[in-house]
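> My structure is in query.pdb, and what it holds is PDB, C-alpha atoms:
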ATOM      1  CA  MET A   1       0.000   0.000   0.000
ATOM      2  CA  SER A   2       2.704   2.475   1.024
ATOM      3  CA  ASP A   3       4.839   1.545  -2.015
ATOM      4  CA  ASN A   4       1.930   2.376  -4.304
ATOM      5  CA  LEU A   5       1.495   5.736  -2.569
ATOM      6  CA  ILE A   6       5.193   6.577  -2.969
ATOM      7  CA  ASP A   7       4.787   6.105  -6.730
ATOM      8  CA  ASP A   8       2.019   8.724  -6.732
ATOM      9  CA  PRO A   9       3.497  12.001  -8.149
ATOM     10  CA  GLN A  10       1.439  14.123  -5.753
ATOM     11  CA  ILE A  11       2.712  12.179  -2.735
ATOM     12  CA  GLN A  12       6.272  12.550  -4.048
ATOM     13  CA  THR A  13       5.734  16.300  -4.357
ATOM     14  CA  LYS A  14       4.445  16.554  -0.775
ATOM     15  CA  ILE A  15       7.401  14.556   0.547
ATOM     16  CA  LEU A  16       9.870  16.727  -1.377
ATOM     17  CA  ARG A  17       8.113  19.921  -0.269
ATOM     18  CA  TYR A  18       8.224  18.871   3.385
ATOM     19  CA  THR A  19      11.895  17.849   3.200
ATOM     20  CA  VAL A  20      13.069  20.994   1.435
ATOM     21  CA  GLY A  21      10.917  23.265   3.616
ATOM     22  CA  VAL A  22      12.178  21.843   6.907
ATOM     23  CA  GLY A  23      15.771  21.696   5.622
ATOM     24  CA  LEU A  24      15.701  25.332   4.509
ATOM     25  CA  ALA A  25      14.207  26.454   7.838
ATOM     26  CA  VAL A  26      16.858  24.502   9.779
ATOM     27  CA  PHE A  27      19.639  26.033   7.668
ATOM     28  CA  LEU A  28      18.434  29.623   8.154
ATOM     29  CA  ALA A  29      17.781  29.131  11.879
ATOM     30  CA  ALA A  30      21.259  27.677  12.462
ATOM     31  CA  LEU A  31      23.001  30.239  10.223
ATOM     32  CA  ILE A  32      21.331  33.428  11.509
ATOM     33  CA  ASN A  33      20.304  32.231  15.003
ATOM     34  CA  TRP A  34      17.834  35.021  15.837
ATOM     35  CA  PRO A  35      15.850  34.773  19.137
ATOM     36  CA  LEU A  36      13.674  31.619  19.183
ATOM     37  CA  ALA A  37      15.050  30.674  15.742
ATOM     38  CA  PHE A  38      14.585  26.970  16.496
ATOM     39  CA  VAL A  39      10.808  27.523  16.374
ATOM     40  CA  ALA A  40      10.902  28.262  12.609
ATOM     41  CA  PRO A  41      11.462  24.618  11.498
ATOM     42  CA  VAL A  42       8.729  23.498  13.920
ATOM     43  CA  PHE A  43       6.322  26.047  12.397
ATOM     44  CA  VAL A  44       7.224  24.998   8.829
ATOM     45  CA  ALA A  45       6.637  21.322   9.620
ATOM     46  CA  LYS A  46       3.285  22.134  11.279
ATOM     47  CA  PHE A  47       2.126  24.490   8.523
ATOM     48  CA  LEU A  48       2.876  21.948   5.783
ATOM     49  CA  ILE A  49       0.903  19.231   7.583
ATOM     50  CA  ASP A  50      -2.010  21.330   8.859
ATOM     51  CA  LYS A  51      -2.334  23.560   5.771
ATOM     52  CA  PRO A  52      -1.538  21.294   2.803
ATOM     53  CA  GLU A  53      -2.454  23.876   0.144
ATOM     54  CA  LEU A  54      -1.215  27.388  -0.572
ATOM     55  CA  ASN A  55      -4.024  29.944  -0.721
ATOM     56  CA  LYS A  56      -4.678  33.550   0.226
ATOM     57  CA  GLU A  57      -6.749  32.614   3.260
ATOM     58  CA  THR A  58      -3.941  30.551   4.785
ATOM     59  CA  LEU A  59      -1.357  33.278   4.181
ATOM     60  CA  TYR A  60      -3.740  35.859   5.650
ATOM     61  CA  GLU A  61      -4.345  33.702   8.755
ATOM     62  CA  LEU A  62      -0.630  33.153   9.359
ATOM     63  CA  THR A  63       0.260  36.806   8.721
ATOM     64  CA  VAL A  64      -2.397  37.984  11.187
ATOM     65  CA  ALA A  65      -0.977  35.570  13.772
ATOM     66  CA  MET A  66       2.485  37.130  13.457
ATOM     67  CA  VAL A  67       1.114  40.707  13.663
ATOM     68  CA  VAL A  68      -0.943  39.879  16.761
ATOM     69  CA  THR A  69       2.154  38.336  18.378
ATOM     70  CA  MET A  70       4.135  41.540  17.834
ATOM     71  CA  VAL A  71       1.280  43.738  19.108
ATOM     72  CA  LEU A  72       1.004  41.580  22.228
ATOM     73  CA  GLY A  73       4.725  41.962  22.860
ATOM     74  CA  LEU A  74       4.535  45.749  22.580
ATOM     75  CA  LEU A  75       1.409  45.908  24.755
ATOM     76  CA  LEU A  76       2.981  43.839  27.508
ATOM     77  CA  SER A  77       6.198  45.849  27.458
ATOM     78  CA  ASN A  78       4.317  48.996  28.449
ATOM     79  CA  GLY A  79       3.687  48.087  32.063
ATOM     80  CA  ILE A  80       0.471  46.047  32.224
ATOM     81  CA  THR A  81       2.474  43.223  33.833
ATOM     82  CA  GLN A  82       2.752  45.397  36.952
ATOM     83  CA  TYR A  83      -0.971  44.874  37.575
ATOM     84  CA  PRO A  84      -1.537  41.113  38.111
ATOM     85  CA  ILE A  85      -5.341  41.055  38.219
ATOM     86  CA  PRO A  86      -5.931  43.098  35.005
ATOM     87  CA  LEU A  87      -3.174  41.030  33.344
ATOM     88  CA  LEU A  88      -4.834  37.708  34.256
ATOM     89  CA  ILE A  89      -8.237  39.029  33.143
ATOM     90  CA  LEU A  90      -6.741  40.064  29.789
ATOM     91  CA  VAL A  91      -4.970  36.705  29.399
ATOM     92  CA  GLY A  92      -8.184  34.863  30.290
ATOM     93  CA  LEU A  93     -10.305  36.815  27.784
ATOM     94  CA  MET A  94      -7.798  36.261  24.988
ATOM     95  CA  MET A  95      -7.575  32.552  25.830
ATOM     96  CA  LEU A  96     -11.374  32.340  25.657
ATOM     97  CA  TRP A  97     -11.330  34.049  22.249
ATOM     98  CA  GLY A  98      -8.550  31.699  21.137
ATOM     99  CA  TYR A  99     -10.558  28.630  22.176
ATOM    100  CA  TYR A 100     -13.598  29.926  20.293
ATOM    101  CA  LEU A 101     -11.529  30.477  17.138
ATOM    102  CA  PHE A 102      -9.880  27.070  17.529
ATOM    103  CA  THR A 103     -13.180  25.340  16.700
ATOM    104  CA  ASP A 104     -13.274  27.050  13.288
ATOM    105  CA  PRO A 105     -11.150  25.212  10.644
ATOM    106  CA  LYS A 106     -10.280  28.548   9.054
ATOM    107  CA  TRP A 107      -8.702  29.956  12.218
ATOM    108  CA  ASN A 108      -7.461  26.944  14.204
ATOM    109  CA  LEU A 109      -3.785  27.467  13.358
ATOM    110  CA  PHE A 110      -4.029  31.171  14.217
ATOM    111  CA  ALA A 111      -5.689  30.211  17.511
ATOM    112  CA  THR A 112      -2.821  27.844  18.324
ATOM    113  CA  ILE A 113      -0.189  30.546  17.786
ATOM    114  CA  LEU A 114      -2.327  33.075  19.673
ATOM    115  CA  ILE A 115      -2.643  30.853  22.757
ATOM    116  CA  ILE A 116       1.114  30.163  22.770
ATOM    117  CA  ALA A 117       1.849  33.898  22.510
ATOM    118  CA  ILE A 118      -0.604  35.055  25.192
ATOM    119  CA  LEU A 119       0.812  32.535  27.655
ATOM    120  CA  MET A 120       4.521  32.834  26.944
ATOM    121  CA  LEU A 121       4.883  36.596  26.452
ATOM    122  CA  PRO A 122       3.077  37.828  29.621
ATOM    123  CA  PHE A 123       4.638  35.060  31.709
ATOM    124  CA  MET A 124       8.175  36.072  30.735
ATOM    125  CA  ALA A 125       7.384  39.792  30.866
ATOM    126  CA  ILE A 126       6.408  39.709  34.561
ATOM    127  CA  SER A 127      10.021  39.323  35.674
ATOM    128  CA  ASN A 128      11.462  41.340  32.768
ATOM    129  CA  PRO A 129       9.039  43.591  30.820
ATOM    130  CA  GLY A 130      11.545  44.139  28.023
ATOM    131  CA  MET A 131      11.676  40.373  27.492
ATOM    132  CA  SER A 132       8.182  40.399  25.965
ATOM    133  CA  VAL A 133       9.348  42.483  22.986
ATOM    134  CA  PHE A 134      12.467  40.312  22.625
ATOM    135  CA  LEU A 135      10.434  37.089  22.598
ATOM    136  CA  ALA A 136       7.635  38.533  20.463
ATOM    137  CA  THR A 137      10.191  39.660  17.888
ATOM    138  CA  GLY A 138      11.799  36.219  17.893
ATOM    139  CA  LEU A 139       8.493  34.356  17.681
ATOM    140  CA  ALA A 140       7.146  36.659  14.965
ATOM    141  CA  SER A 141      10.438  36.447  13.021
ATOM    142  CA  SER A 142      10.293  32.649  13.145
ATOM    143  CA  GLY A 143       6.685  32.843  11.989
ATOM    144  CA  VAL A 144       7.504  35.184   9.091
ATOM    145  CA  VAL A 145      10.390  32.948   7.981
ATOM    146  CA  ALA A 146       8.100  29.906   8.228
ATOM    147  CA  VAL A 147       5.332  31.585   6.194
ATOM    148  CA  ILE A 148       7.812  32.630   3.471
ATOM    149  CA  ILE A 149       9.275  29.113   3.283
ATOM    150  CA  PHE A 150       5.755  27.645   3.321
ATOM    151  CA  ALA A 151       4.834  29.809   0.313
ATOM    152  CA  LEU A 152       8.106  29.185  -1.569
ATOM    153  CA  VAL A 153       8.005  25.393  -1.355
ATOM    154  CA  HIS A 154       4.399  25.431  -2.575
ATOM    155  CA  ILE A 155       5.361  27.668  -5.491
ATOM    156  CA  TYR A 156       8.437  25.661  -6.500
ATOM    157  CA  PHE A 157       6.886  22.248  -5.797
ATOM    158  CA  PRO A 158       3.263  22.679  -6.890
ATOM    159  CA  GLU A 159       0.770  19.868  -7.213
ATOM    160  CA  ASP A 160      -0.912  19.261 -10.562
ATOM    161  CA  GLU A 161      -4.359  20.148  -9.312
ATOM    162  CA  SER A 162      -5.642  22.368  -6.551
ATOM    163  CA  SER A 163      -9.053  21.555  -5.150
ATOM    164  CA  PHE A 164      -9.175  24.269  -2.465
ATOM    165  CA  ALA A 165     -12.524  26.028  -2.527
ATOM    166  CA  GLY A 166     -12.481  27.750   0.831
ATOM    167  CA  TYR A 167     -12.526  26.342   4.351
ATOM    168  CA  GLN A 168     -15.521  24.360   5.497
ATOM    169  CA  PRO A 169     -17.594  26.153   8.149
ATOM    170  CA  SER A 170     -17.282  24.927  11.719
ATOM    171  CA  PRO A 171     -19.423  21.817  12.326
ATOM    172  CA  LEU A 172     -20.464  23.335  15.670
ATOM    173  CA  SER A 173     -23.009  26.067  16.254
ATOM    174  CA  LYS A 174     -21.916  29.316  17.931
ATOM    175  CA  GLN A 175     -23.486  28.155  21.185
ATOM    176  CA  GLN A 176     -21.596  24.844  21.038
ATOM    177  CA  ARG A 177     -18.339  26.645  20.247
ATOM    178  CA  TRP A 178     -18.719  28.970  23.234
ATOM    179  CA  TYR A 179     -19.638  25.980  25.419
ATOM    180  CA  ALA A 180     -16.441  24.204  24.339
ATOM    181  CA  ALA A 181     -14.421  27.393  24.935
ATOM    182  CA  PHE A 182     -15.799  27.910  28.472
ATOM    183  CA  ARG A 183     -15.268  24.257  29.359
ATOM    184  CA  ALA A 184     -11.647  24.491  28.181
ATOM    185  CA  MET A 185     -11.202  27.600  30.339
ATOM    186  CA  ILE A 186     -12.435  25.689  33.417
ATOM    187  CA  VAL A 187      -9.672  23.145  32.788
ATOM    188  CA  SER A 188      -6.794  25.430  31.863
ATOM    189  CA  PHE A 189      -7.251  28.816  33.550
ATOM    190  CA  PRO A 190      -6.712  27.664  37.185
ATOM    191  CA  VAL A 191      -3.360  26.196  36.081
ATOM    192  CA  VAL A 192      -2.467  29.404  34.241
ATOM    193  CA  CYS A 193      -3.288  31.524  37.309
ATOM    194  CA  PHE A 194      -1.266  29.203  39.564
ATOM    195  CA  PHE A 195       1.835  29.363  37.341
ATOM    196  CA  PHE A 196       1.512  33.116  36.818
ATOM    197  CA  ILE A 197       1.131  33.868  40.533
ATOM    198  CA  PHE A 198       4.035  31.670  41.623
ATOM    199  CA  GLN A 199       6.151  32.306  38.496
ATOM    200  CA  ILE A 200       7.155  28.667  37.970
ATOM    201  CA  SER A 201       9.199  29.239  34.829
ATOM    202  CA  GLU A 202      10.342  25.613  34.598
ATOM    203  CA  ALA A 203       6.736  24.581  33.986
ATOM    204  CA  LEU A 204       6.029  26.995  31.119
ATOM    205  CA  LEU A 205       5.865  24.050  28.678
ATOM    206  CA  THR A 206       3.407  22.255  30.974
ATOM    207  CA  MET A 207       1.134  25.286  31.134
ATOM    208  CA  MET A 208       1.105  25.713  27.339
ATOM    209  CA  PHE A 209       0.402  22.017  26.716
ATOM    210  CA  ILE A 210      -2.528  22.015  29.160
ATOM    211  CA  ALA A 211      -3.919  25.190  27.572
ATOM    212  CA  LEU A 212      -3.632  23.835  24.031
ATOM    213  CA  LEU A 213      -5.099  20.424  24.880
ATOM    214  CA  SER A 214      -7.978  21.609  27.076
ATOM    215  CA  LEU A 215     -10.461  21.651  24.202
ATOM    216  CA  MET A 216      -9.847  17.941  23.573
ATOM    217  CA  ILE A 217     -10.293  16.717  27.129
ATOM    218  CA  THR A 218     -12.880  14.078  28.000
ATOM    219  CA  GLY A 219     -12.379  11.128  30.323
ATOM    220  CA  GLU A 220     -11.645   8.578  27.589
ATOM    221  CA  LYS A 221      -9.764  10.987  25.361
ATOM    222  CA  SER A 222      -7.574  12.311  28.172
ATOM    223  CA  ILE A 223      -6.166   8.830  28.860
ATOM    224  CA  LYS A 224      -5.475   8.162  25.184
ATOM    225  CA  LEU A 225      -4.115  11.650  24.608
ATOM    226  CA  SER A 226      -1.814  11.460  27.620
ATOM    227  CA  ALA A 227      -0.448   8.093  26.513
ATOM    228  CA  PHE A 228      -0.029   9.418  22.967
ATOM    229  CA  LEU A 229       1.925  12.472  24.138
ATOM    230  CA  ILE A 230       4.236  10.522  26.416
ATOM    231  CA  ILE A 231       4.917   7.794  23.827
ATOM    232  CA  THR A 232       5.478  10.131  20.864
ATOM    233  CA  ASN A 233       7.643  12.521  22.854
ATOM    234  CA  SER A 234       9.672   9.606  24.262
ATOM    235  CA  ILE A 235      10.238   8.351  20.709
ATOM    236  CA  GLY A 236      11.124  11.861  19.573
ATOM    237  CA  GLY A 237      13.434  12.382  22.545
ATOM    238  CA  ALA A 238      15.288   9.116  21.961
ATOM    239  CA  LEU A 239      15.615   9.989  18.272
ATOM    240  CA  ALA A 240      16.866  13.481  19.165
ATOM    241  CA  ILE A 241      19.587  12.035  21.392
ATOM    242  CA  GLY A 242      20.686   9.737  18.557
ATOM    243  CA  VAL A 243      20.696  12.585  16.038
ATOM    244  CA  PHE A 244      22.581  14.823  18.470
ATOM    245  CA  SER A 245      25.253  12.117  18.873
ATOM    246  CA  VAL A 246      25.711  11.930  15.102
ATOM    247  CA  LEU A 247      25.807  15.724  14.740
ATOM    248  CA  SER A 248      28.524  15.962  17.387
ATOM    249  CA  LEU A 249      30.813  14.082  14.996
ATOM    250  CA  ALA A 250      30.744  16.971  12.511
ATOM    251  CA  PRO A 251      29.392  20.092  14.233
ATOM    252  CA  ASN A 252      28.820  22.449  11.308
ATOM    253  CA  VAL A 253      25.759  24.078   9.752
ATOM    254  CA  LEU A 254      25.903  22.239   6.416
ATOM    255  CA  PHE A 255      26.109  18.760   7.951
ATOM    256  CA  TYR A 256      23.399  19.675  10.464
ATOM    257  CA  THR A 257      21.096  20.841   7.656
ATOM    258  CA  LEU A 258      21.706  17.806   5.433
ATOM    259  CA  PHE A 259      21.260  15.323   8.248
ATOM    260  CA  ILE A 260      18.023  16.888   9.533
ATOM    261  CA  SER A 261      16.779  17.049   5.921
ATOM    262  CA  PHE A 262      17.482  13.322   5.615
ATOM    263  CA  ILE A 263      15.485  12.666   8.799
ATOM    264  CA  ALA A 264      12.698  14.924   7.456
ATOM    265  CA  LEU A 265      12.645  12.881   4.235
ATOM    266  CA  ILE A 266      12.143   9.651   6.192
ATOM    267  CA  ILE A 267       9.470  11.204   8.422
ATOM    268  CA  ALA A 268       7.649  12.822   5.470
ATOM    269  CA  THR A 269       7.565   9.473   3.653
ATOM    270  CA  GLN A 270       5.930   7.882   6.695
ATOM    271  CA  ILE A 271       3.491  10.771   7.181
ATOM    272  CA  TYR A 272       2.213  10.814   3.609
ATOM    273  CA  THR A 273       2.215   7.065   2.959
ATOM    274  CA  LYS A 274       0.733   6.040   6.313
ATOM    275  CA  PRO A 275      -1.917   8.701   7.050
ATOM    276  CA  ALA A 276      -3.374   6.753   9.995
ATOM    277  CA  LYS A 277      -0.042   7.044  11.847
ATOM    278  CA  ALA A 278       0.799  10.547  10.607
ATOM    279  CA  PRO A 279       0.124  12.258  13.994
ATOM    280  CA  ILE A 280       2.647   9.955  15.694
ATOM    281  CA  TYR A 281       5.411  10.713  13.185
ATOM    282  CA  ALA A 282       4.600  14.453  13.052
ATOM    283  CA  THR A 283       4.579  14.834  16.853
ATOM    284  CA  ALA A 284       7.766  12.788  17.309
ATOM    285  CA  PHE A 285       9.557  14.877  14.662
ATOM    286  CA  SER A 286       8.383  18.123  16.279
ATOM    287  CA  THR A 287       9.948  16.875  19.522
ATOM    288  CA  VAL A 288      13.208  16.201  17.679
ATOM    289  CA  LEU A 289      13.244  19.715  16.202
ATOM    290  CA  VAL A 290      12.414  21.420  19.511
ATOM    291  CA  LEU A 291      14.928  19.450  21.580
ATOM    292  CA  LEU A 292      17.716  19.717  19.010
ATOM    293  CA  GLY A 293      17.122  23.368  18.185
ATOM    294  CA  SER A 294      16.780  24.596  21.759
ATOM    295  CA  THR A 295      19.779  22.524  22.895
ATOM    296  CA  LEU A 296      22.123  23.510  20.066
ATOM    297  CA  MET A 297      21.222  27.199  20.266
ATOM    298  CA  SER A 298      21.500  27.399  24.043
ATOM    299  CA  SER A 299      24.415  24.991  24.577
ATOM    300  CA  GLY A 300      22.221  22.968  26.918
ATOM    301  CA  ASP A 301      22.090  19.275  27.812
ATOM    302  CA  ILE A 302      19.728  17.321  25.557
ATOM    303  CA  ASP A 303      19.436  14.391  27.993
ATOM    304  CA  SER A 304      18.194  16.591  30.833
ATOM    305  CA  ASN A 305      15.938  18.527  28.447
ATOM    306  CA  MET A 306      14.310  15.265  27.396
ATOM    307  CA  ILE A 307      13.865  14.022  30.991
ATOM    308  CA  ILE A 308      12.284  17.346  32.012
ATOM    309  CA  ARG A 309       9.977  17.291  28.981
ATOM    310  CA  ILE A 310       8.799  13.712  29.621
ATOM    311  CA  PHE A 311       8.261  14.434  33.342
ATOM    312  CA  GLN A 312       6.189  17.510  32.481
ATOM    313  CA  LEU A 313       4.121  15.508  29.995
ATOM    314  CA  PHE A 314       3.505  12.871  32.678
ATOM    315  CA  MET A 315       2.246  15.598  35.035
ATOM    316  CA  ILE A 316       0.074  17.003  32.233
ATOM    317  CA  GLY A 317      -1.430  13.543  31.719
ATOM    318  CA  VAL A 318      -2.218  13.114  35.413
ATOM    319  CA  TYR A 319      -3.852  16.549  35.562
ATOM    320  CA  MET A 320      -5.923  16.066  32.380
ATOM    321  CA  ILE A 321      -7.202  12.655  33.445
ATOM    322  CA  ALA A 322      -8.110  13.860  36.953
ATOM    323  CA  VAL A 323      -9.866  17.034  35.775
ATOM    324  CA  SER A 324     -11.741  15.375  32.908
ATOM    325  CA  PHE A 325     -13.171  12.635  35.128
ATOM    326  CA  PHE A 326     -13.987  15.191  37.829
ATOM    327  CA  LEU A 327     -15.967  17.337  35.369
ATOM    328  CA  GLU A 328     -17.770  14.330  33.905
ATOM    329  CA  THR A 329     -19.015  13.283  37.351
ATOM    330  CA  ARG A 330     -20.456  16.725  38.128
ATOM    331  CA  GLN A 331     -24.107  17.516  37.519
ATOM    332  CA  TRP A 332     -23.596  21.252  37.095
ATOM    333  CA  ALA A 333     -26.089  22.734  34.638
ATOM    334  CA  PHE A 334     -23.573  24.952  32.849
ATOM    335  CA  LEU A 335     -21.467  21.863  31.994
ATOM    336  CA  LYS A 336     -24.311  20.313  30.050
ATOM    337  CA  MET A 337     -24.218  21.034  26.328
ATOM    338  CA  GLN A 338     -27.424  22.575  25.081
ATOM    339  CA  PRO A 339     -28.685  21.145  21.741
TER
END
Rewrite the structure of this file - the entire thing - as structure tokens.

Amino acid sequence: MSDNLIDDPQIQTKILRYTVGVGLAVFLAALINWPLAFVAPVFVAKFLIDKPELNKETLYELTVAMVVTMVLGLLLSNGITQYPIPLLILVGLMMLWGYYLFTDPKWNLFATILIIAILMLPFMAISNPGMSVFLATGLASSGVVAVIIFALVHIYFPEDESSFAGYQPSPLSKQQRWYAAFRAMIVSFPVVCFFFIFQISEALLTMMFIALLSLMITGEKSIKLSAFLIITNSIGGALAIGVFSVLSLAPNVLFYTLFISFIALIIATQIYTKPAKAPIYATAFSTVLVLLGSTLMSSGDIDSNMIIRIFQLFMIGVYMIAVSFFLETRQWAFLKMQP
């Protein structure tokens, strides 16, 4: 089955596009090394999987996400972080808006970037207000680079036919979307407030994962999702350690780019020829890119980074399972979806 798919010209184009896109992002991030540069390859990989076609609506969505990130950075640098209660109210309202947008296929990628930005930028700006502009610039720069690469690889590696006719409307009604958004807030916002108040910077990744996954939480799903995250990140972490060991043999930008491109080629082949397992390969590869990029650009220890990441994911799993089962055993009226 997979061999037949590899022979398909459109599948070959997608594999080549993914490989070249990730390789180019890795090369630029390693060569220029701007703030949060390692995020650019992660964005490129995500964009190419989540938005398989180039169109004006996708470019508009991604561009708006980068502009909003910069505006948030500038807003937070002007002193609002000195007022904890207004800051948490603002963060909560923007999270709620992000959750509402997340349920619309047209805006789900924008909502993902928005939620990451509104959690990371204020959190870091509390201890150092100028840091918000620094991080916003880095995140937005990585996003702009990713959008440009996303567009270029689609232009230079086009598919024969394009069937895009606009995004499908959300399958949920407005009432259902707001219900889902409020339920996600019940799960995530107490954690956000706790981490903001006590400034637990080591758990920033935990907070963002809980926020991003809150919309998906139910009792059954939380168990499967937790297991999925721990397994895929463990695979990605082990792979990252192996790749890091190979890269240490020839620590230069060209070898780094070629080797990661080779890994991207293998992963892309699996993603596009085995769609049922695509989320596993995509998540594992994202882990590789994050661990490698953050370690190489900060001269950190990849083994400890992996252990910390897996421990945080384990804690996320425990929290999601406990909260989801707690909510499902409540008889509160506002937790019942109205038809």
> May I have the residues within 6 Å of segment 14-24 of chain A as JSON, numbers by chain, using all atoms listed in the file and disregarding those fewer than 6 positions away in the same chain?
{"A": [41, 153, 257, 261, 264, 265, 268, 269]}
> Convert the output of the PyMOL selection byres ((chain A and resi 129-138) around 8) on the shown file into explicit residues, formatted as a VMD selection string.
chain A and resid 34 to 37 69 to 70 72 to 74 76 to 79 81 117 121 to 122 124 to 128 139 to 142
> Go through A:Leu93, A:Phe102, A:Phe123, A:Leu239 one by one, measure the shortest atom-to-atom distance of each to Ile80 of chain A using all atoms listed in the file, and give the residue with the smallest value.
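Checking each candidate against Ile80 of chain A, we get A:Phe123 as the closest.
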> Around segment 288-291 of chain A, fit a box with edges along x, y and z, padding it by 5 Å on each side, then list its centre and edge lengths in Å to one decimal as JSON.

{"center_x": 13.7, "center_y": 18.8, "center_z": 18.9, "size_x": 12.5, "size_y": 15.2, "size_z": 15.4}
> So the first atom is atom CA of Val290 of chain A and the second is atom CA of Val187 of chain A; what is the distance between them in Å, to one decimal place?
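Separating atom CA of Val290 of chain A from atom CA of Val187 of chain A is a distance of 25.8 Å.
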> Using only C-alpha atoms for the distances, tell me which of A:Ile263, A:Leu289, A:Leu101, A:Leu213 is nearest to Pro169 of chain A.
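Closest residue, counting only C-alpha atoms: A:Leu101.
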> Pick the closest to Pro171 of chain A from A:Glu328, A:Ile271, A:Ile307, A:Pro105: which is it, counting all atoms listed in the file?
A:Pro105
> Taking all atoms listed in the file into account, produce a table as JSON lines in which each residue of segment 284-330 of chain A with an atom at most 9 Å from an atom of segment 221-234 of chain A appears once, together with its shortest atom pair and the distance in Å to one decimal, ordered by chain and rising number.

{"residue": "A:Ala284", "atom": "CA", "partner": "A:Thr232", "partner_atom": "CA", "distance": 5.0}
{"residue": "A:Phe285", "atom": "CA", "partner": "A:Asn233", "partner_atom": "CA", "distance": 8.7}
{"residue": "A:Ser286", "atom": "CA", "partner": "A:Asn233", "partner_atom": "CA", "distance": 8.7}
{"residue": "A:Thr287", "atom": "CA", "partner": "A:Asn233", "partner_atom": "CA", "distance": 5.9}
{"residue": "A:Val288", "atom": "CA", "partner": "A:Asn233", "partner_atom": "CA", "distance": 8.4}
{"residue": "A:Met306", "atom": "CA", "partner": "A:Ser234", "partner_atom": "CA", "distance": 8.0}
{"residue": "A:Arg309", "atom": "CA", "partner": "A:Asn233", "partner_atom": "CA", "distance": 8.1}
{"residue": "A:Ile310", "atom": "CA", "partner": "A:Ile230", "partner_atom": "CA", "distance": 6.4}
{"residue": "A:Phe311", "atom": "CA", "partner": "A:Ile230", "partner_atom": "CA", "distance": 8.9}
{"residue": "A:Leu313", "atom": "CA", "partner": "A:Ile230", "partner_atom": "CA", "distance": 6.1}
{"residue": "A:Phe314", "atom": "CA", "partner": "A:Ile230", "partner_atom": "CA", "distance": 6.7}
{"residue": "A:Ile316", "atom": "CA", "partner": "A:Ser226", "partner_atom": "CA", "distance": 7.5}
{"residue": "A:Gly317", "atom": "CA", "partner": "A:Ser226", "partner_atom": "CA", "distance": 4.6}
{"residue": "A:Val318", "atom": "CA", "partner": "A:Ser226", "partner_atom": "CA", "distance": 8.0}
{"residue": "A:Met320", "atom": "CA", "partner": "A:Ser222", "partner_atom": "CA", "distance": 5.9}
{"residue": "A:Ile321", "atom": "CA", "partner": "A:Ser222", "partner_atom": "CA", "distance": 5.3}
{"residue": "A:Ala322", "atom": "CA", "partner": "A:Ser222", "partner_atom": "CA", "distance": 8.9}
{"residue": "A:Ser324", "atom": "CA", "partner": "A:Ser222", "partner_atom": "CA", "distance": 7.0}
{"residue": "A:Phe325", "atom": "CA", "partner": "A:Ser222", "partner_atom": "CA", "distance": 8.9}
> For the structure provided, state which residues fall under the PyMOL selection byres ((chain A and resi 172) around 12), and present them as a PDB file with C-alpha atoms, keeping the file's coordinate frame.

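What ended up in result.pdb:
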ATOM      1  CA  TYR A 100     -13.598  29.926  20.293  1.00  0.00           C
ATOM      2  CA  LEU A 101     -11.529  30.477  17.138  1.00  0.00           C
ATOM      3  CA  PHE A 102      -9.880  27.070  17.529  1.00  0.00           C
ATOM      4  CA  THR A 103     -13.180  25.340  16.700  1.00  0.00           C
ATOM      5  CA  ASP A 104     -13.274  27.050  13.288  1.00  0.00           C
ATOM      6  CA  PRO A 105     -11.150  25.212  10.644  1.00  0.00           C
ATOM      7  CA  GLN A 168     -15.521  24.360   5.497  1.00  0.00           C
ATOM      8  CA  PRO A 169     -17.594  26.153   8.149  1.00  0.00           C
ATOM      9  CA  SER A 170     -17.282  24.927  11.719  1.00  0.00           C
ATOM     10  CA  PRO A 171     -19.423  21.817  12.326  1.00  0.00           C
ATOM     11  CA  SER A 173     -23.009  26.067  16.254  1.00  0.00           C
ATOM     12  CA  LYS A 174     -21.916  29.316  17.931  1.00  0.00           C
ATOM     13  CA  GLN A 175     -23.486  28.155  21.185  1.00  0.00           C
ATOM     14  CA  GLN A 176     -21.596  24.844  21.038  1.00  0.00           C
ATOM     15  CA  ARG A 177     -18.339  26.645  20.247  1.00  0.00           C
ATOM     16  CA  TRP A 178     -18.719  28.970  23.234  1.00  0.00           C
ATOM     17  CA  TYR A 179     -19.638  25.980  25.419  1.00  0.00           C
ATOM     18  CA  ALA A 180     -16.441  24.204  24.339  1.00  0.00           C
ATOM     19  CA  ALA A 181     -14.421  27.393  24.935  1.00  0.00           C
ATOM     20  CA  MET A 337     -24.218  21.034  26.328  1.00  0.00           C
ATOM     21  CA  GLN A 338     -27.424  22.575  25.081  1.00  0.00           C
ATOM     22  CA  PRO A 339     -28.685  21.145  21.741  1.00  0.00           C
TER      23      PRO A 339
END
> Any idea what the distance is between atom CA of Pro158 of chain A and atom CA of Asn55 of chain A?
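Atom CA of Pro158 of chain A sits 12.0 Å away from atom CA of Asn55 of chain A.
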> Record the distance separating atom CA of Gly143 of chain A and atom CA of Leu205 of chain A, expressed in Å with one decimal.
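So the two atoms, atom CA of Gly143 of chain A and atom CA of Leu205 of chain A, lie 18.9 Å apart.
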> Pick out the closest residue to Asp303 of chain A from this set: A:Pro52, A:Pro251, A:Pro275, A:Gly242. Count all atoms listed in the file.
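Looking only at the distances to Asp303 of chain A, the closest residue turns out to be A:Gly242.
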> Just checking: using all atoms listed in the file, which residue out of A:Leu204, A:Val147, A:Ala40, A:Val243 ends up closest to Phe255 of chain A?
A:Val243
> Each residue of segment 92-168 of chain A lying at most 10 Å from segment 42-47 of chain A should get a row with its shortest atom-to-atom pair and the distance in Å to one decimal, counting only C-alpha atoms; could you produce that, ordered by chain and increasing number, as a tab-separated table?

residue	atom	partner	partner_atom	distance
A:Leu109	CA	A:Phe47	CA	8.2
A:Ile113	CA	A:Phe43	CA	9.6
A:Ser142	CA	A:Phe43	CA	7.7
A:Gly143	CA	A:Phe43	CA	6.8
A:Val144	CA	A:Phe43	CA	9.8
A:Val145	CA	A:Val44	CA	8.6
A:Ala146	CA	A:Val44	CA	5.0
A:Val147	CA	A:Val44	CA	7.3
A:Ile148	CA	A:Val44	CA	9.3
A:Ile149	CA	A:Val44	CA	7.2
A:Phe150	CA	A:Val44	CA	6.3
